[in-house]
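Below is one structure, written out as structure tokens; comments come after it.
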Amino acid sequence: MLTRPLLLVMALATGLTVGGNYVNQPLLHTIAGDLGVPDGRAAALVTVAQVAYGLGLLLVVPLGDLLERRRLLTVLALLAAAGHAVCALAPNYAVLVVGTAVAGVFSVAAQVLVPFAAELAEPGREGRAVGTVMSGLLIGALLARSVSGALAEVAGWHAPYAVVAVGLVLIALVLRWRLPRSVPRSVGGYRATLRSGARLVGELPRLRTRALLGGLGFAGVSVLFATTTFLLAGPRFGMSELQIGLVGLAGVAGAAMASAAGRMADAGRGQLATGLGAVGLVLTWGLLGLSASTWLTSALLFVLGFGLADMFLQAVQVSNQNAVYGLRPEARSRLNSVYMTTYFAGGALGSAVGSAAWSAGGWPAVTAVGAGFGVLTILVWLVDLRLDRAARLSLAGAGSR
């Protein structure tokens with residue numbers, strides 16, 4: 001039984017485990033200067049975290065359908081804490097990369113928690129459970145950026161990593177204490193579990209479209225995440241680490257949207273939530289482009305655009321996950337592995353392309369690339385909408401016979 005206090009504990013754990021991957025974003029300029037590496041190389045830390053997270057999604061999350069989940073989640077949180085501890089003590093860029101990669105791989109504890117929440121929820125309330133846990137994830141990511149910037153100004157860029165490491169050790173103990181034991185149905189060994197996940201991709205067309213939807217949506221927003229620090233810390237805006245971190249709080253609207261999208265999904269309006277999110281992502285890049293255009297410099301427009309980008313991404317994300325988990329309820333961890341691997345592969349692609357666009361053409365190039373990913377998201381949503389309607393018509397026809 002998923003009680004409200006337990007759901008909030010799961011949301012907190014999700015926010016902390018994923019939030020640790022975002023502490024470096026407002027620090028990139030400072031890390032580059034302190035370790036003597038170019039800005040572009042420092043920005044690669046964002047890509048490293050996302051690639052590592054993607055590998056964890058592919059190789060670790062399926063264990064949620066194989067192992068006892070409470071023990072698995074405790075171990076994953078402790079291993080993620082170890083990665084952040086390495087970052088906190090890193091004397092050079094190479095060690096920082098290693099710590100970032102280790103933390104990224106094992107922070108996928110969050111993506112074992114999300115389908116676990118859907119499993120524990122009462123029938124008809126799965127979307128709300130997913131929305132609440134995803135709200136925790138988003139708030140954790142936002143606070144990680146903001147608190148990281150503030151801590152770095154006071155105690156240096158190593159301090160945020162140390163705080164996350166300690167926090168993850170504490171959350172591991174809380175998970176061990178509060179989570180119920182949950183032994184999944186046997187699906188064979190580890191290799192069989194991975195192979196069955198690959199089979200699901202071939203068997204479920206809407207898993208493919210929804211995964212691609214998520215990947216493209218996150219790619220567009222990752223273009224923004226990877227370049228925000230360079231734009232805001234540059235001569236045009238001249239913001240400090242603290243100010244850059246506070247900009248991230250604009251994305252708190254996304255937490256509200258995650259909950260709203262979950263309710264829409266429970267009410268049968270998941271496709272509407274997805275479509276609104278996809279269209280919104282394209283329109284948002286218009287605001288972001290205008291905020292630092294040749295004829296205007298507006299921090300207010302940038303903050304508004306940043307918040308809307310997070311909000312519309314969450315509309316896509318929560319409706320996606322609710323649709324995916326319903327395809328094969330007994331295989332939620334494997335479905336989430338496929339979906340979230342594609343999602344973060346998109347994020348890694350967006351970070352890399354965004355950094356390249358910044359180097360090649362500055363903010364106008366970044367804006368064009370981000371909007372392009374948004375247009376692709378809309379096109380894939382239209383394909384998924386068609387598949388969904390065809391499946392509903394097929395079910396209606398079968399029921400009438």
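Order determines the names: the first chain of the structure tokens is A, the second B, and so forth; residues in each chain are numbered 1 upward, and ligands are numbered 1 upward as they are shown.
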Report the closest atom pair, with its distance in Å rounded to one decimal, for each residue of range 98-185 of chain A that has an atom no farther than 8 Å from range 309-331 of chain A; count only C-alpha atoms, sort by chain and then rising residue number, and write it as a tab-separated table.
residue	atom	partner	partner_atom	distance
A:Pro115	CA	A:Tyr325	CA	7.4
A:Glu126	CA	A:Asn322	CA	7.4
A:Gly127	CA	A:Asn322	CA	5.8
A:Val130	CA	A:Val318	CA	7.0
A:Gly131	CA	A:Val318	CA	6.1
A:Met134	CA	A:Val318	CA	7.3
Exercise for review: Taking the DSSP assignment computed from this structure's backbone, write out as a PyMOL selection string all residues of range 216-294 of chain A that belong to helix (DSSP H, G or I).
Suggested key: chain A and resi 216-233+241-266+270-291
Review point. Which residues, written as a ChimeraX atom specification, have at least one atom at most 10 Å from range 91-100 of chain A, with only C-alpha atoms counted and residues fewer than 3 positions away on the same chain left out?
Key: /A:20-21,24,31-32,34-37,41-42,44-50,52-53,80-88,103-105,158,161
Point to revise | Distance query Ala109 in chain A at most 10 Å, only C-alpha atoms, self and fewer than 2 positions along chain excluded, as a ChimeraX atom specification | key: /A:13-14,17-18,56-57,60-61,64,69,72-77,79-80,105-107,111-114
Taking N, CA and C atoms for each residue, export the selection above as an mmCIF file, in the first residue's frame.
data_model
loop_
_atom_site.group_PDB
_atom_site.id
_atom_site.type_symbol
_atom_site.label_atom_id
_atom_site.label_comp_id
_atom_site.auth_asym_id
_atom_site.auth_seq_id
_atom_site.Cartn_x
_atom_site.Cartn_y
_atom_site.Cartn_z
ATOM 1 N N ALA A 13 13.770 10.874 -2.141
ATOM 2 C CA ALA A 13 14.909 10.045 -2.546
ATOM 3 C C ALA A 13 15.208 10.218 -4.031
ATOM 4 N N THR A 14 14.165 10.284 -4.836
ATOM 5 C CA THR A 14 14.347 10.475 -6.274
ATOM 6 C C THR A 14 14.997 11.817 -6.562
ATOM 7 N N THR A 17 18.819 11.687 -5.452
ATOM 8 C CA THR A 17 19.703 10.849 -6.267
ATOM 9 C C THR A 17 19.934 11.458 -7.649
ATOM 10 N N VAL A 18 18.880 11.971 -8.270
ATOM 11 C CA VAL A 18 19.042 12.585 -9.588
ATOM 12 C C VAL A 18 19.640 13.978 -9.478
ATOM 13 N N GLY A 56 23.644 3.363 -16.768
ATOM 14 C CA GLY A 56 22.986 2.804 -15.594
ATOM 15 C C GLY A 56 21.550 2.404 -15.894
ATOM 16 N N LEU A 57 20.869 3.229 -16.682
ATOM 17 C CA LEU A 57 19.501 2.899 -17.069
ATOM 18 C C LEU A 57 19.444 1.610 -17.870
ATOM 19 N N VAL A 60 21.543 -1.244 -15.174
ATOM 20 C CA VAL A 60 21.236 -1.379 -13.743
ATOM 21 C C VAL A 60 19.736 -1.404 -13.472
ATOM 22 N N VAL A 61 18.979 -0.517 -14.110
ATOM 23 C CA VAL A 61 17.538 -0.426 -13.824
ATOM 24 C C VAL A 61 16.791 -1.739 -14.043
ATOM 25 N N GLY A 64 15.617 -4.043 -11.231
ATOM 26 C CA GLY A 64 14.398 -3.841 -10.468
ATOM 27 C C GLY A 64 13.339 -4.893 -10.732
ATOM 28 N N ARG A 69 13.802 -5.093 -4.198
ATOM 29 C CA ARG A 69 13.993 -3.682 -4.539
ATOM 30 C C ARG A 69 14.511 -2.839 -3.374
ATOM 31 N N LEU A 72 18.212 -3.372 -3.205
ATOM 32 C CA LEU A 72 18.820 -2.803 -4.416
ATOM 33 C C LEU A 72 18.913 -1.287 -4.313
ATOM 34 N N LEU A 73 17.844 -0.631 -3.892
ATOM 35 C CA LEU A 73 17.827 0.828 -3.817
ATOM 36 C C LEU A 73 18.811 1.346 -2.773
ATOM 37 N N THR A 74 18.934 0.639 -1.658
ATOM 38 C CA THR A 74 19.891 1.044 -0.620
ATOM 39 C C THR A 74 21.318 0.995 -1.149
ATOM 40 N N VAL A 75 21.665 -0.087 -1.832
ATOM 41 C CA VAL A 75 23.024 -0.242 -2.369
ATOM 42 C C VAL A 75 23.317 0.812 -3.436
ATOM 43 N N LEU A 76 22.346 1.068 -4.310
ATOM 44 C CA LEU A 76 22.554 2.051 -5.373
ATOM 45 C C LEU A 76 22.794 3.446 -4.802
ATOM 46 N N ALA A 77 22.025 3.814 -3.767
ATOM 47 C CA ALA A 77 22.207 5.130 -3.153
ATOM 48 C C ALA A 77 23.598 5.261 -2.532
ATOM 49 N N LEU A 79 26.367 3.638 -3.455
ATOM 50 C CA LEU A 79 27.364 3.711 -4.519
ATOM 51 C C LEU A 79 27.374 5.083 -5.183
ATOM 52 N N ALA A 80 26.203 5.686 -5.343
ATOM 53 C CA ALA A 80 26.139 7.053 -5.883
ATOM 54 C C ALA A 80 26.829 8.024 -4.924
ATOM 55 N N VAL A 105 26.141 6.638 -12.970
ATOM 56 C CA VAL A 105 25.686 5.256 -13.188
ATOM 57 C C VAL A 105 24.740 4.808 -12.089
ATOM 58 N N PHE A 106 25.083 5.086 -10.830
ATOM 59 C CA PHE A 106 24.310 4.527 -9.716
ATOM 60 C C PHE A 106 23.185 5.432 -9.228
ATOM 61 N N SER A 107 23.125 6.670 -9.732
ATOM 62 C CA SER A 107 22.000 7.529 -9.369
ATOM 63 C C SER A 107 20.711 7.088 -10.054
ATOM 64 N N GLN A 111 15.233 5.788 -10.998
ATOM 65 C CA GLN A 111 14.412 5.159 -12.029
ATOM 66 C C GLN A 111 14.005 3.732 -11.674
ATOM 67 N N VAL A 112 14.452 3.240 -10.530
ATOM 68 C CA VAL A 112 13.863 2.040 -9.936
ATOM 69 C C VAL A 112 12.696 2.465 -9.044
ATOM 70 N N LEU A 113 12.836 3.642 -8.418
ATOM 71 C CA LEU A 113 11.787 4.150 -7.543
ATOM 72 C C LEU A 113 10.519 4.539 -8.293
ATOM 73 N N VAL A 114 10.651 5.128 -9.482
ATOM 74 C CA VAL A 114 9.474 5.628 -10.195
ATOM 75 C C VAL A 114 8.500 4.498 -10.550
#
Study note, to complete from the structure: Between A:Val303, A:Val282, A:Leu175, A:Val154, smallest distance to Ala110 in chain A by only C-alpha atoms belongs to A:Leu175
Polymer residues at most 7 Å from Ser259 in chain A, only C-alpha atoms, same-chain spacing of 4 or more positions, as a compact mmCIF listing (two decimals) with all heavy atoms, in the first residue's frame:
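Done, and the output landed in part15.txt:
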# COMPACT_ATOMS: atom_id res chain seq x y z
N ARG A 128 -0.90 9.73 -10.80
CA ARG A 128 -0.62 10.68 -9.72
C ARG A 128 0.64 10.28 -8.95
O ARG A 128 1.43 11.14 -8.55
CB ARG A 128 -1.81 10.75 -8.77
CG ARG A 128 -3.05 11.31 -9.41
CD ARG A 128 -4.19 11.47 -8.43
NE ARG A 128 -5.42 11.79 -9.13
CZ ARG A 128 -6.54 12.16 -8.54
NH1 ARG A 128 -6.60 12.23 -7.23
NH2 ARG A 128 -7.62 12.44 -9.25
N GLY A 131 3.52 11.16 -11.12
CA GLY A 131 3.66 12.61 -11.15
C GLY A 131 4.28 13.16 -9.88
O GLY A 131 5.12 14.06 -9.94
N THR A 132 3.89 12.62 -8.73
CA THR A 132 4.45 13.09 -7.45
C THR A 132 5.93 12.77 -7.35
O THR A 132 6.74 13.62 -6.96
CB THR A 132 3.69 12.46 -6.27
OG1 THR A 132 2.31 12.84 -6.34
CG2 THR A 132 4.28 12.92 -4.94
N SER A 135 7.80 14.94 -9.65
CA SER A 135 7.90 16.29 -9.09
C SER A 135 9.10 16.38 -8.14
O SER A 135 9.84 17.36 -8.15
CB SER A 135 6.62 16.66 -8.33
OG SER A 135 5.52 16.77 -9.20
N ALA A 255 7.51 21.24 -11.64
CA ALA A 255 7.05 20.30 -10.62
C ALA A 255 5.53 20.28 -10.56
O ALA A 255 4.91 19.22 -10.43
CB ALA A 255 7.64 20.69 -9.26
N ARG A 263 -2.32 13.67 -13.27
CA ARG A 263 -3.78 13.65 -13.12
C ARG A 263 -4.47 13.58 -14.48
O ARG A 263 -5.49 12.89 -14.62
CB ARG A 263 -4.23 14.91 -12.37
CG ARG A 263 -3.89 14.88 -10.88
CD ARG A 263 -4.46 16.10 -10.16
NE ARG A 263 -4.30 15.97 -8.73
CZ ARG A 263 -3.22 16.31 -8.05
NH1 ARG A 263 -2.19 16.82 -8.72
NH2 ARG A 263 -3.13 16.16 -6.75
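By chain and then residue number, the residues within 7 Å of range 358-373 of chain A are Leu216, Gly217, Ala219, Gly220, Val223, Thr227, Val282, Trp285 and Gly289 of chain A, counting only C-alpha atoms and disregarding those fewer than 6 positions away in sequence.
CA of Met340 in chain A is found 20.4 Å from CA of Val23 in chain A.
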Revision key, fill the gap. The residue from A:Gly54, A:Gly307, A:Pro26, A:Gly270 with the smallest atom-to-atom distance to Gly347 in chain A, counting only C-alpha atoms, is A:Gly54
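Remark: for Tyr339 in chain A, the closest of the candidate residues A:Val201, A:Ala118, A:Leu59, A:Val163 is A:Val201 (distances computed over only C-alpha atoms).
Computed from the coordinates, the CA of Leu120 in chain A to CA of Asp266 in chain A distance equals 15.3 Å.
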Review point. So which residues touch Thr297 in chain A within 12 Å, counting only C-alpha atoms, skipping near sequence neighbours fewer than 2 positions away, as a PyMOL selection string?
Key: chain A and resi 231-232+235-238+287-295+299-303+363
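Closest to Gly124 in chain A among A:Leu212, A:Ala43, A:Val252, A:Gly268 is A:Gly268, based on only C-alpha atoms.
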